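Data file: query.cif. Format and content: mmCIF, C-alpha atoms.
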data_work
loop_
_atom_site.label_atom_id
_atom_site.label_comp_id
_atom_site.auth_asym_id
_atom_site.auth_seq_id
_atom_site.Cartn_x
_atom_site.Cartn_y
_atom_site.Cartn_z
CA LEU A 9 76.25 127.31 96.58
CA THR A 10 79.86 127.28 97.66
CA MET A 11 82.23 124.40 98.35
CA THR A 12 85.31 124.41 100.54
CA PRO A 13 88.10 123.68 100.12
CA ALA A 14 88.23 124.75 96.48
CA GLU A 15 90.88 122.12 95.78
CA GLN A 16 92.22 119.09 97.59
CA ASP A 17 95.30 116.93 97.02
CA PHE A 18 94.86 113.32 98.12
CA GLY A 19 98.60 112.67 97.94
CA THR A 20 99.91 109.26 96.95
CA ALA A 21 97.80 106.09 97.00
CA THR A 22 98.58 102.57 95.83
CA ILE A 23 96.47 101.15 93.00
CA GLY A 24 93.41 99.40 94.41
CA GLU A 25 93.85 100.81 97.92
CA PRO A 26 91.87 103.79 99.26
CA SER A 27 93.54 106.99 100.35
CA ALA A 28 92.71 108.86 103.51
CA VAL A 29 89.16 110.23 103.44
CA LEU A 30 88.92 114.01 103.00
CA SER A 31 85.90 116.21 103.77
CA PHE A 32 84.26 119.00 101.79
CA THR A 33 81.65 121.46 103.03
CA VAL A 34 78.80 122.60 100.79
CA THR A 35 77.15 125.86 101.94
CA ASN A 36 74.10 127.72 100.73
CA PRO A 37 74.49 131.46 101.49
CA GLY A 38 71.23 132.38 99.70
CA THR A 39 67.63 131.17 99.33
CA PRO A 40 66.71 127.48 99.83
CA THR A 41 67.98 125.15 97.15
CA GLY A 42 66.37 122.30 95.31
CA PRO A 43 67.71 118.76 95.85
CA LEU A 44 71.47 118.63 95.47
CA ASP A 45 72.97 117.05 92.36
CA ILE A 46 76.45 115.79 93.31
CA SER A 47 78.94 114.07 90.99
CA PHE A 48 82.56 113.61 89.94
CA VAL A 49 83.53 114.87 86.49
CA GLY A 50 86.68 114.79 84.39
CA ASP A 51 88.95 112.21 82.76
CA ASP A 52 89.83 110.58 86.09
CA ALA A 53 86.42 110.87 87.75
CA ILE A 54 86.21 107.10 88.18
CA GLU A 55 89.31 107.16 90.39
CA PHE A 56 87.44 109.06 93.15
CA SER A 57 84.41 107.96 95.17
CA PHE A 58 82.19 108.98 98.06
CA ALA A 59 82.97 107.60 101.51
CA PRO A 60 80.35 107.00 104.18
CA GLY A 61 79.64 109.61 106.80
CA GLY A 62 78.80 112.71 104.76
CA THR A 63 75.58 114.60 105.37
CA CYS A 64 74.98 115.68 101.75
CA VAL A 65 72.80 113.08 100.02
CA PRO A 66 72.67 113.32 96.20
CA GLY A 67 69.15 113.88 94.91
CA SER A 68 67.74 114.31 98.41
CA THR A 69 69.44 116.98 100.49
CA ILE A 70 67.94 120.50 100.33
CA LEU A 71 69.91 123.34 101.90
CA ALA A 72 68.05 126.11 103.62
CA ASP A 73 69.37 129.68 103.66
CA GLY A 74 72.73 129.74 105.46
CA SER A 75 72.87 125.97 106.03
CA SER A 76 75.52 123.49 104.95
CA CYS A 77 76.29 119.80 104.63
CA THR A 78 79.42 117.73 104.20
CA LEU A 79 80.81 115.30 101.65
CA ARG A 80 83.47 112.68 102.36
CA VAL A 81 85.64 111.60 99.43
CA GLU A 82 88.40 109.04 98.93
CA PHE A 83 90.87 108.39 96.14
CA ILE A 84 90.92 104.75 94.97
CA PRO A 85 93.12 104.65 91.87
CA ALA A 86 92.79 101.91 89.27
CA THR A 87 95.77 102.89 87.11
CA ALA A 88 99.16 104.43 87.82
CA GLY A 89 100.06 108.09 87.38
CA ALA A 90 98.88 111.59 88.26
CA LYS A 91 95.09 111.89 88.47
CA SER A 92 92.67 114.82 88.57
CA ALA A 93 88.92 115.33 88.57
CA ALA A 94 86.34 117.75 89.90
CA LEU A 95 83.72 117.29 92.58
CA THR A 96 80.65 119.27 91.54
CA VAL A 97 77.47 120.19 93.39
CA GLY A 98 74.47 121.90 91.81
CA ALA A 99 70.78 122.47 92.47
CA THR A 100 67.70 124.03 90.89
CA PRO A 101 67.13 126.55 92.27
CA GLY A 102 70.75 127.06 93.17
CA GLU A 103 74.12 127.29 91.48
CA ILE A 104 77.02 124.97 90.65
CA ALA A 105 80.03 124.80 92.94
CA SER A 106 83.08 122.60 92.45
CA SER A 107 86.38 121.54 93.97
CA VAL A 108 89.46 120.28 92.12
CA LEU A 109 90.68 116.83 93.21
CA THR A 110 94.20 115.57 92.56
CA GLY A 111 96.24 112.55 93.54
CA ILE A 112 99.08 110.29 92.42
CA ALA A 113 98.58 106.54 91.96
CA THR A 114 101.50 104.16 92.46
CA LYS A 115 101.88 100.54 91.43
CA PRO A 116 101.87 98.09 94.35
CA ALA A 117 104.97 96.05 95.14
CA HIS A 118 105.16 93.11 92.71
CA LEU A 119 107.90 90.46 92.64
CA THR A 120 109.08 88.55 89.56
CA VAL A 121 111.76 85.89 89.20
CA THR A 122 113.84 85.43 86.02
CA PRO A 123 114.52 83.10 84.40
CA LEU A 124 111.15 81.44 84.95
CA SER A 125 112.76 77.99 84.61
CA GLU A 126 116.26 76.53 84.50
CA ASN A 127 117.58 73.13 83.45
CA PHE A 128 120.68 72.24 85.46
CA GLY A 129 121.43 69.32 83.15
CA LEU A 130 123.18 66.09 84.17
CA VAL A 131 124.98 66.15 87.52
CA GLU A 132 126.73 63.19 89.15
CA LEU A 133 125.43 62.04 92.51
CA GLY A 134 127.28 63.57 95.45
CA THR A 135 128.57 66.54 93.45
CA LEU A 136 127.36 70.09 92.90
CA GLY A 137 126.31 71.46 89.55
CA ASP A 138 127.34 74.93 88.44
CA PRO A 139 125.52 77.75 90.26
CA VAL A 140 122.80 79.53 88.30
CA SER A 141 121.81 83.12 89.02
CA PHE A 142 118.17 84.16 89.33
CA THR A 143 117.09 87.81 89.41
CA ILE A 144 114.31 88.91 91.74
CA THR A 145 112.76 92.22 90.69
CA ASN A 146 110.18 94.51 92.25
CA THR A 147 108.31 95.90 89.24
CA GLY A 148 106.06 98.09 91.42
CA ASP A 149 106.58 101.54 92.92
CA VAL A 150 106.07 100.55 96.56
CA THR A 151 108.93 99.03 98.58
CA THR A 152 108.45 95.36 99.45
CA GLY A 153 108.53 93.83 102.90
CA LEU A 154 111.34 91.49 103.89
CA LEU A 155 111.95 88.84 101.23
CA THR A 156 111.38 85.19 102.13
CA ILE A 157 113.38 82.96 99.77
CA GLY A 158 113.39 79.18 99.72
CA LEU A 159 113.07 75.93 97.80
CA ALA A 160 109.85 73.94 97.53
CA GLY A 161 108.56 70.81 95.86
CA ILE A 162 109.01 67.05 96.06
CA ASP A 163 112.71 67.26 95.10
CA ALA A 164 113.53 70.47 96.98
CA ASP A 165 116.28 68.69 98.95
CA GLU A 166 118.07 67.87 95.66
CA PHE A 167 118.77 71.59 95.12
CA THR A 168 120.47 74.16 97.33
CA LEU A 169 120.84 77.93 97.56
CA ALA A 170 124.45 79.00 97.12
CA PRO A 171 126.35 81.92 98.65
CA GLY A 172 127.17 84.93 96.52
CA GLY A 173 123.72 86.30 95.70
CA THR A 174 122.65 89.77 96.80
CA CYS A 175 119.18 88.71 98.03
CA VAL A 176 119.20 87.66 101.70
CA SER A 177 116.09 85.89 102.97
CA GLY A 178 114.60 87.65 105.97
CA THR A 179 116.80 90.73 105.49
CA THR A 180 116.53 92.15 101.96
CA ILE A 181 113.78 94.59 100.99
CA LEU A 182 113.39 95.85 97.44
CA PRO A 183 112.42 99.45 96.63
CA GLY A 184 110.37 100.04 93.51
CA ASP A 185 112.03 99.10 90.20
CA SER A 186 115.00 97.43 91.89
CA SER A 187 116.34 93.88 91.95
CA CYS A 188 118.71 91.45 93.62
CA THR A 189 120.09 88.01 92.77
CA VAL A 190 119.89 84.48 94.16
CA LEU A 191 122.26 81.62 93.30
CA ALA A 192 120.96 78.05 93.17
CA MET A 193 122.73 74.73 92.52
CA PHE A 194 121.68 71.17 91.72
CA ALA A 195 123.06 68.69 94.26
CA PRO A 196 121.43 65.33 93.48
CA THR A 197 121.45 62.55 96.05
CA THR A 198 119.41 60.02 94.03
CA LEU A 199 119.32 59.00 90.39
CA GLY A 200 116.85 60.33 87.86
CA ALA A 201 114.99 63.45 86.80
CA LYS A 202 114.37 65.99 89.57
CA SER A 203 112.29 69.15 89.82
CA ALA A 204 111.64 71.81 92.44
CA SER A 205 110.72 75.48 92.73
CA LEU A 206 112.65 78.54 93.82
CA THR A 207 110.14 80.61 95.77
CA VAL A 208 110.19 84.25 96.85
CA SER A 209 107.53 86.25 98.68
CA ALA A 210 107.08 89.46 100.65
CA THR A 211 104.39 91.56 102.34
CA PRO A 212 103.89 94.13 100.86
CA GLY A 213 104.52 92.14 97.71
CA ASN A 214 103.44 88.78 96.37
CA ALA A 215 104.71 85.24 95.84
CA SER A 216 106.66 84.32 92.72
CA THR A 217 108.42 81.14 91.62
CA ALA A 218 110.90 79.70 89.14
CA THR A 219 111.05 76.03 88.10
CA LEU A 220 114.28 74.08 88.63
CA ILE A 221 114.97 70.78 86.84
CA GLY A 222 117.96 68.47 86.55
CA LYS A 223 118.93 64.81 86.31
CA GLY A 224 121.06 62.92 88.81
CA THR A 225 123.52 60.45 87.27
CA GLY A 226 125.80 57.75 88.68
CA PRO A 227 129.61 57.83 88.48
CA PRO A 228 131.25 56.71 85.21
CA GLN A 229 131.59 52.94 84.91
CA ILE A 230 133.90 51.01 82.57
CA THR A 231 132.55 47.80 81.15
CA VAL A 232 134.08 45.26 78.75
CA THR A 233 131.94 43.22 76.39
CA PRO A 234 131.77 40.44 75.68
CA THR A 235 132.64 39.14 79.12
CA GLU A 236 134.35 36.10 77.59
CA GLU A 237 135.53 35.00 74.12
CA ASP A 238 136.74 31.62 72.77
CA PHE A 239 139.41 32.07 70.10
CA GLY A 240 139.23 28.36 69.14
CA SER A 241 142.23 26.25 68.12
CA VAL A 242 145.21 28.14 66.74
CA ALA A 243 148.47 26.53 65.42
CA LEU A 244 151.69 27.51 67.15
CA GLY A 245 153.42 30.49 65.59
#

The structure given in the file should be rewritten as structure tokens.
Amino acid sequence: LTMTPAEQDFGTATIGEPSAVLSFTVTNPGTPTGPLDISFVGDDAIEFSFAPGGTCVPGSTILADGSSCTLRVEFIPATAGAKSAALTVGATPGEIASSVLTGIATKPAHLTVTPLSENFGLVELGTLGDPVSFTITNTGDVTTGLLTIGLAGIDADEFTLAPGGTCVSGTTILPGDSSCTVLAMFAPTTLGAKSASLTVSATPGNASTATLIGKGTGPPQITVTPTEEDFGSVALG
């Protein structure tokens, strides 16, 4: 038995996503074989799998003298890094033939927001609290799509995004292992405790959030107590 090509590089594939399907041809140049035994071997064998459409059927196909069949293989990595395995075909009678398989697995785009929560403290109604910076990071290897950044939640209108950050909603994309910043402020319009979420998403990518809390307070008020006082009778001088 022979197999061609003798080695095949599947290139780069994102974790959990299949690569392009590549074909291998198994040929019997000699006497008829027994049923073909076909498998992946090696430390990263689990990262490769058979794709539909091949004509070699493990445990069933028998190759006559001078005949051949095909195998279709794809790379579906489960962990990041360089991967290698071997595709082997054997038969009795027959011989063992193999092809070396290689590929590189990359982490998909993945967005995080830090800090995960922020307390803006007490802010007087009608004023703006100090801006707080949030960092949006792509911890994957694959570049994200355009970032969508916004505020959500029942009190979303009590907070606002401020100028000065480097993330621009609808414009910014993040390559792997890169980050940008967003500035947010608390701008309460009603009294009491408030909460909302800073949201960011992208495709490729994911959705991630940070929690925003603060308390709206009224303006300072001066009061005098008691409101009246009777000093009683006092002699002159």

In Å to one decimal, how far is atom CA of Ser177 of chain A from atom CA of Ile221 of chain A?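 About the pair atom CA of Ile221 of chain A and atom CA of Ser177 of chain A: they are 22.1 Å apart.
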
Here's a test: counting only C-alpha atoms, identify every protein, DNA and RNA residue with an atom at most 10 Å from (102.3, 96.9, 94.4) in the file's coordinate frame, and state them as a PDB file with C-alpha atoms, keeping the file's coordinate frame.
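Resulting contents of out.pdb:
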ATOM      1  CA  THR A  22      98.580 102.570  95.830  1.00  0.00           C
ATOM      2  CA  ILE A  23      96.470 101.150  93.000  1.00  0.00           C
ATOM      3  CA  GLY A  24      93.410  99.400  94.410  1.00  0.00           C
ATOM      4  CA  GLU A  25      93.850 100.810  97.920  1.00  0.00           C
ATOM      5  CA  THR A 114     101.500 104.160  92.460  1.00  0.00           C
ATOM      6  CA  LYS A 115     101.880 100.540  91.430  1.00  0.00           C
ATOM      7  CA  PRO A 116     101.870  98.090  94.350  1.00  0.00           C
ATOM      8  CA  ALA A 117     104.970  96.050  95.140  1.00  0.00           C
ATOM      9  CA  HIS A 118     105.160  93.110  92.710  1.00  0.00           C
ATOM     10  CA  LEU A 119     107.900  90.460  92.640  1.00  0.00           C
ATOM     11  CA  ASN A 146     110.180  94.510  92.250  1.00  0.00           C
ATOM     12  CA  THR A 147     108.310  95.900  89.240  1.00  0.00           C
ATOM     13  CA  GLY A 148     106.060  98.090  91.420  1.00  0.00           C
ATOM     14  CA  ASP A 149     106.580 101.540  92.920  1.00  0.00           C
ATOM     15  CA  VAL A 150     106.070 100.550  96.560  1.00  0.00           C
ATOM     16  CA  THR A 151     108.930  99.030  98.580  1.00  0.00           C
ATOM     17  CA  THR A 152     108.450  95.360  99.450  1.00  0.00           C
ATOM     18  CA  GLY A 184     110.370 100.040  93.510  1.00  0.00           C
ATOM     19  CA  THR A 211     104.390  91.560 102.340  1.00  0.00           C
ATOM     20  CA  PRO A 212     103.890  94.130 100.860  1.00  0.00           C
ATOM     21  CA  GLY A 213     104.520  92.140  97.710  1.00  0.00           C
ATOM     22  CA  ASN A 214     103.440  88.780  96.370  1.00  0.00           C
TER      23      ASN A 214
END

Could you give me, as JSON lines, every segment 22-122 of chain A residue with an atom at most 6 Å from segment 142-145 of chain A, plus its closest atom pair and distance in Å to one decimal, counting only C-alpha atoms, rows ordered by chain then number?
{"residue": "A:Leu119", "atom": "CA", "partner": "A:Thr145", "partner_atom": "CA", "distance": 5.5}
{"residue": "A:Thr120", "atom": "CA", "partner": "A:Thr145", "partner_atom": "CA", "distance": 5.3}
{"residue": "A:Val121", "atom": "CA", "partner": "A:Ile144", "partner_atom": "CA", "distance": 4.7}
{"residue": "A:Thr122", "atom": "CA", "partner": "A:Thr143", "partner_atom": "CA", "distance": 5.3}

Report, in Å with one decimal, the straight-line distance from atom CA of Ser92 of chain A to atom CA of Val65 of chain A.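 Taking atom CA of Ser92 of chain A as the start and atom CA of Val65 of chain A as the end point, the length is 23.0 Å.
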
Just say which residues the PyMOL selection byres ((chain A and resi 54-57) around 9) picks in this file, as a PyMOL selection string. chain A and resi 48-53+58-59+80-87+91-93+109

Point-to-point distance in Å for atom CA of Pro123 of chain A and atom CA of Leu159 of chain A: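 Between these atoms lies a distance of 15.3 Å.
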
For the provided coordinates, the residues matched by the PyMOL selection byres ((chain A and resi 37) around 12) should be stated as a compact mmCIF listing (two decimals) with C-alpha atoms, in the coordinates of the input.
# COMPACT_ATOMS: atom_id res chain seq x y z
CA LEU A 9 76.25 127.31 96.58
CA THR A 10 79.86 127.28 97.66
CA MET A 11 82.23 124.40 98.35
CA VAL A 34 78.80 122.60 100.79
CA THR A 35 77.15 125.86 101.94
CA ASN A 36 74.10 127.72 100.73
CA GLY A 38 71.23 132.38 99.70
CA THR A 39 67.63 131.17 99.33
CA PRO A 40 66.71 127.48 99.83
CA THR A 41 67.98 125.15 97.15
CA LEU A 71 69.91 123.34 101.90
CA ALA A 72 68.05 126.11 103.62
CA ASP A 73 69.37 129.68 103.66
CA GLY A 74 72.73 129.74 105.46
CA SER A 75 72.87 125.97 106.03
CA SER A 76 75.52 123.49 104.95
CA GLY A 102 70.75 127.06 93.17
CA GLU A 103 74.12 127.29 91.48

If the box runs along x, y and z of the file and leaves 6 Å on each side of segment 82-91 of chain A, what are its centre and edge lengths in Å, one decimal, as AutoDock Vina command-line options?
--center_x 94.2 --center_y 106.9 --center_z 93.0 --size_x 23.7 --size_y 22.0 --size_z 23.8

If you count all atoms listed in the file, which residues fall within 7 Å of Ile70 of chain A, apart from same-chain ones fewer than 5 positions away, as a PyMOL selection string? chain A and resi 41-44

Ground truth for the PyMOL selection byres ((chain A and resi 180) around 10), written as a count of residues only: 17
